[in-house]
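Notes follow the structure.
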Amino acid sequence: MRDQITIDRELDDVAAACRKLDPKGSSTALVLRETFDQLYDGQRTGRYRVDQLYKTEKTHCGTLVEINLQRAFEFRDGKDMDFQIAGVDVDCKYSQRKNGWMIPPEAHDHLCLVVWAEDTAEPKWSMGLVRATERNLAQGEGNRDGKKALSKEGQQAIVWLFEDFPLPPNVLLQLDQAAVEKILAQKSGQKKVNDIFQLALCKRVSRAVIATVGKQADYMKRIRGNGGARSALKSKGIIILGQYGSHVEIARALEVPEPGRGESVAVQITPAGGPGLGVAEINGGFWRVAKPGDPVVTAPILPKPKRSS
C-alpha cells in the first residue's frame, strides 16, 4: 500500500478541489435534486416519491448521480475508478441510506466519494471522502459481488465536505398528501396547477413539480397570465412570483421564500396602509401577505420580467 503521507495528501487535494468547485454545496444539491426528478419523470408518469419507483430505477439512481456529477463539474474519466479529481482516481458511491455504501473489491485502497440524499418533506444530503482501506471496511467476505460496507472506523474516517445539508425541496412532499392526491386525480391540467399553488402558498414550487402536476408538454404556460394560474388566481388575491429579479425583490420585501432558478412562489396578498417591514410596492400600491380574516382583494399586475439582451 502507498505511503500514508501520500494517501493523506491525495485526500486533502481532492477535498480542496471539491470545495473550490462548489464552496456552498449549492451546485451539488441541485444535481441531486435534478437526479431525483429525472428518475420520477413526473411529466410522463405523474410520480413524485421514491416509493413510487421500480426497484431497478432505485438501483439506477447511483449511476445517474455519478453521471450527473461528472457532467456538472466536468470531472475527467478515471484510469481505474469512476473519475479523476485533482489528478487522483476517485470512486463515486451513492446510497439511499446514510452509511449504506457498498465498496467493490476494485476500489480497495482508493479514495471514495460517498454521497447520500433523501427526498422527504425535509430533504437532506451529505457528501464526503473516505479511503477504502482494510481497516475502514467491514470484516468478512462481503456480499456475493465481494462488496463491503464501511466499518465503524470507516464511517468515523469520512471527511465530510457537506453533511446533512438541505436539498432543494419537493413541495409535493411538504403538503397534505390526501389533498395532493385529490388534486392530482382531477382531469384538467390547468386546474391541478391552480389548486397546487393555492395549497402551496409561500412555498417554493419547482419546474419539475409543475411538469408532474400538469403532465403536458407546455406545462410552464400553466403558470403565466393570459389563461394560466396567474390569471385564474388573481381574483383571489394571489400572485405567483418567478425567478426574475423584480419578482425576487418583491418576495424579499414580503419576507416570503425567494424563488430560485426554475421556481415559483405563490403568495396571497392584501393592501397595506403604507411602506414598512413585510410590505412590497407593486404597481404603485403597497401590499403585504394576507392573514386569516383579511378581505380578499384582486391582486395587482406584477412587473414584467426583464429579458437579458
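Ordering of the C-alpha cells sets the chain letters (A, B, ...), residue numbers begin anew at 1 in every chain, and ligands are numbered from 1 in the order given.
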Taking the DSSP secondary structure from the backbone, can you list the residues of stretch 44-226 of chain A that are alpha helix (DSSP H), as a tab-separated table (two decimals) with C-alpha atoms, in the first residue's frame?
```tsv
chain	number	residue	atom	x	y	z
A	44	ARG	CA	-44.92	11.49	-18.23
A	45	THR	CA	-45.62	9.39	-15.13
A	55	LYS	CA	-36.61	-1.45	-7.78
A	56	THR	CA	-34.47	-1.27	-10.92
A	57	GLU	CA	-34.92	2.51	-11.04
A	58	LYS	CA	-33.79	2.87	-7.43
A	59	THR	CA	-30.71	0.80	-8.26
A	60	HIS	CA	-30.04	3.03	-11.28
A	61	CYS	CA	-30.05	6.15	-9.08
A	62	GLY	CA	-26.40	5.70	-8.13
A	63	THR	CA	-25.34	5.56	-11.77
A	64	LEU	CA	-27.30	8.73	-12.55
A	65	VAL	CA	-25.75	10.56	-9.58
A	66	GLU	CA	-22.28	9.60	-10.84
A	67	ILE	CA	-23.04	10.67	-14.43
A	68	ASN	CA	-24.71	13.93	-13.42
A	69	LEU	CA	-21.93	14.93	-11.01
A	70	GLN	CA	-19.29	14.24	-13.64
A	71	ARG	CA	-21.22	16.27	-16.22
A	72	ALA	CA	-21.88	19.18	-13.85
A	73	PHE	CA	-18.27	19.52	-12.64
A	152	LYS	CA	-17.43	1.82	12.25
A	153	GLU	CA	-13.87	3.04	11.86
A	154	GLY	CA	-14.57	3.74	8.20
A	155	GLN	CA	-17.70	5.73	8.98
A	156	GLN	CA	-15.74	7.78	11.51
A	157	ALA	CA	-12.93	8.29	8.99
A	171	VAL	CA	-43.12	20.75	-2.45
A	172	LEU	CA	-45.47	17.85	-3.23
A	173	LEU	CA	-43.95	16.01	-0.25
A	174	GLN	CA	-44.38	19.03	2.05
A	177	GLN	CA	-50.79	14.07	0.98
A	178	ALA	CA	-54.55	13.41	0.87
A	179	ALA	CA	-55.11	16.88	-0.59
A	180	VAL	CA	-52.30	16.39	-3.13
A	181	GLU	CA	-53.70	13.05	-4.33
A	182	LYS	CA	-57.18	14.58	-4.64
A	183	ILE	CA	-55.79	17.41	-6.77
A	184	LEU	CA	-53.76	15.07	-8.98
A	189	GLY	CA	-54.05	20.03	-16.02
A	190	GLN	CA	-54.65	23.76	-15.59
A	191	LYS	CA	-56.97	23.28	-12.61
A	192	LYS	CA	-54.44	20.97	-10.97
A	193	VAL	CA	-51.72	23.63	-11.32
A	194	ASN	CA	-54.06	26.33	-9.94
A	195	ASP	CA	-55.02	24.18	-6.97
A	196	ILE	CA	-51.43	23.19	-6.13
A	197	PHE	CA	-50.41	26.85	-5.98
A	198	GLN	CA	-53.34	27.61	-3.64
A	199	LEU	CA	-52.31	24.69	-1.43
A	207	ARG	CA	-40.43	23.49	-12.62
A	208	ALA	CA	-40.41	19.70	-12.14
A	209	VAL	CA	-43.43	19.90	-9.82
A	210	ILE	CA	-45.39	21.89	-12.42
A	211	ALA	CA	-44.45	19.28	-15.04
A	212	THR	CA	-45.61	16.50	-12.73
A	213	VAL	CA	-48.91	18.20	-11.94
A	214	GLY	CA	-49.65	19.47	-15.45
```
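Contact shell of A:Ala16 at 12 Å (only C-alpha atoms; same-chain neighbours under 5 positions omitted): A:Arg9, A:Glu10, A:Leu11, A:Leu21, A:Asp22, A:Pro23, A:Ile85, A:Ala86, A:Gly128, A:Leu129, A:Val159, A:Trp160, A:Leu161.
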Would you list the contacts of A:Pro271 as a list in words, taking every protein, DNA or RNA residue within 12 Å and counting only C-alpha atoms, but skipping same-chain residues closer than 3 positions in sequence? Gly237, Leu254, Gln268, Gly274, Pro275, Gly278, Val279, Ala280, Glu281, Ile282, Asn283, Gly284, Gly285, Phe286, Trp287, Arg288, Val289, Ala290, Lys291, Asp294, Pro295, Val296, Val297, Thr298, Ala299 and Pro300 of chain A
Which one is closest to A:Ala17: A:Gly87, A:Pro104, A:Gly78, A:Gly42? Count only C-alpha atoms. A:Gly87
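If only C-alpha atoms are the atoms counted, then among A:Arg230, A:Lys215, A:Arg204, A:Lys124 the closest residue to A:Pro166 is A:Lys124.
Among A:Asp89, A:Glu134, A:Asp176, A:Glu122, the residue with the shortest atom-to-atom distance to A:Arg76, counting only C-alpha atoms, is A:Asp89.
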Can you pull out every residue within 12 Å of A:Arg224, counting only C-alpha atoms, but drop anything in the same chain fewer than 4 positions away, and send it as a list in words? Gln190, Val193, Asn194, Ile210, Asp218, Tyr219, Met220, Gly228, Ala229, Arg230, Ser231, Ala232, Leu233, Lys234, Ile239, Ile240, Leu241, Gly242, Ser264, Ile301, Leu302, Lys304 and Pro305 of chain A
Find the distance between atom CA of A:Tyr48 and atom CA of A:Glu255 and write it in Å to one decimal. 28.2 Å
Determine, counting only C-alpha atoms, which protein, DNA and RNA residues have an atom within 10 Å of an atom of A:Asn170; residues of the same chain fewer than 5 positions away are not included. Present the result as a ChimeraX atom specification. /A:33,36-37,48-49,119-123,175,203-206,208-209
Write out as a PyMOL selection string all residues of stretch 129-245 of chain A that backbone DSSP assigns to strand (DSSP E). chain A and resi 129-131+148-149+159-166+204-206+238-241
Writer output for current selection, N, CA and C atoms, as a tab-separated table (two decimals), in the first residue's frame:
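The resulting file, out_12.tsv, is shown below:
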```
chain	number	residue	atom	x	y	z
A	129	LEU	N	-15.47	12.13	1.76
A	129	LEU	CA	-14.39	11.33	1.19
A	129	LEU	C	-13.88	10.35	2.24
A	130	VAL	N	-13.59	9.15	1.79
A	130	VAL	CA	-13.02	8.15	2.69
A	130	VAL	C	-12.12	7.21	1.89
A	131	ARG	N	-11.06	6.77	2.51
A	131	ARG	CA	-10.14	5.82	1.87
A	131	ARG	C	-10.63	4.40	2.18
A	148	LYS	N	-18.18	-4.58	0.20
A	148	LYS	CA	-18.19	-4.49	1.65
A	148	LYS	C	-18.69	-3.12	2.11
A	149	ALA	N	-19.39	-3.11	3.23
A	149	ALA	CA	-19.82	-1.85	3.82
A	149	ALA	C	-18.67	-1.22	4.58
A	159	VAL	N	-14.26	12.16	5.74
A	159	VAL	CA	-14.03	13.60	5.78
A	159	VAL	C	-15.22	14.25	5.07
A	160	TRP	N	-16.11	14.83	5.86
A	160	TRP	CA	-17.34	15.37	5.30
A	160	TRP	C	-17.08	16.70	4.59
A	161	LEU	N	-17.48	16.77	3.33
A	161	LEU	CA	-17.45	18.03	2.60
A	161	LEU	C	-18.73	18.81	2.90
A	162	PHE	N	-19.83	18.07	2.97
A	162	PHE	CA	-21.13	18.62	3.35
A	162	PHE	C	-21.89	17.52	4.06
A	163	GLU	N	-22.41	17.81	5.23
A	163	GLU	CA	-23.13	16.79	5.98
A	163	GLU	C	-24.50	17.33	6.40
A	164	ASP	N	-25.53	16.58	6.02
A	164	ASP	CA	-26.92	16.91	6.36
A	164	ASP	C	-27.30	18.32	5.91
A	165	PHE	N	-26.91	18.67	4.69
A	165	PHE	CA	-27.28	19.95	4.10
A	165	PHE	C	-28.68	19.84	3.50
A	166	PRO	N	-29.44	20.94	3.47
A	166	PRO	CA	-30.78	20.87	2.88
A	166	PRO	C	-30.74	20.70	1.37
A	204	ARG	N	-41.70	27.19	-2.16
A	204	ARG	CA	-41.01	27.14	-3.45
A	204	ARG	C	-41.54	25.97	-4.27
A	205	VAL	N	-42.05	26.26	-5.46
A	205	VAL	CA	-42.59	25.24	-6.35
A	205	VAL	C	-41.68	25.14	-7.57
A	206	SER	N	-41.09	23.99	-7.78
A	206	SER	CA	-40.11	23.84	-8.87
A	206	SER	C	-40.78	23.60	-10.21
A	238	ILE	N	-54.01	36.31	-5.15
A	238	ILE	CA	-52.78	35.50	-5.18
A	238	ILE	C	-51.90	35.92	-6.36
A	239	ILE	N	-50.65	36.23	-6.05
A	239	ILE	CA	-49.65	36.49	-7.08
A	239	ILE	C	-48.71	35.29	-7.14
A	240	ILE	N	-48.11	35.06	-8.30
A	240	ILE	CA	-47.14	33.98	-8.44
A	240	ILE	C	-45.83	34.60	-8.89
A	241	LEU	N	-44.85	34.56	-8.01
A	241	LEU	CA	-43.54	35.15	-8.26
A	241	LEU	C	-42.62	34.13	-8.91
```
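Pairwise distance (atom CA of A:Asp91, atom CA of A:Val14) equals 11.9 Å.
Candidate residues A:Leu201, A:Pro303, A:Cys92, A:Gly293 were compared for distance to A:Val265, and the nearest is A:Leu201, using only C-alpha atoms.
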Might you pull out every residue within 10 Å of A:Ile103, with only C-alpha atoms counted and same-chain residues fewer than 6 positions away left off, and present them as a PDB file with C-alpha atoms, in the first residue's frame?
```
ATOM      1  CA  ASP A  91     -14.736   6.044  -6.995  1.00  0.00           C
ATOM      2  CA  CYS A  92     -18.223   7.586  -6.638  1.00  0.00           C
ATOM      3  CA  LYS A  93     -20.618   5.735  -4.352  1.00  0.00           C
ATOM      4  CA  CYS A 112     -14.294   7.023  -2.445  1.00  0.00           C
ATOM      5  CA  VAL A 114     -19.603   8.856  -0.767  1.00  0.00           C
ATOM      6  CA  ALA A 132     -11.304   2.223   1.316  1.00  0.00           C
ATOM      7  CA  LEU A 137     -14.132  -1.805   5.525  1.00  0.00           C
ATOM      8  CA  ALA A 138     -16.303  -4.320   7.377  1.00  0.00           C
ATOM      9  CA  GLY A 142     -18.961  -9.137   1.861  1.00  0.00           C
ATOM     10  CA  ASP A 145     -20.174  -9.479  -5.506  1.00  0.00           C
ATOM     11  CA  GLY A 146     -17.476  -9.063  -2.887  1.00  0.00           C
ATOM     12  CA  LYS A 147     -18.689  -5.570  -1.937  1.00  0.00           C
ATOM     13  CA  LYS A 148     -18.194  -4.489   1.650  1.00  0.00           C
ATOM     14  CA  ALA A 149     -19.824  -1.846   3.818  1.00  0.00           C
ATOM     15  CA  LEU A 150     -17.817   0.693   5.755  1.00  0.00           C
TER      16      LEU A 150
END
```
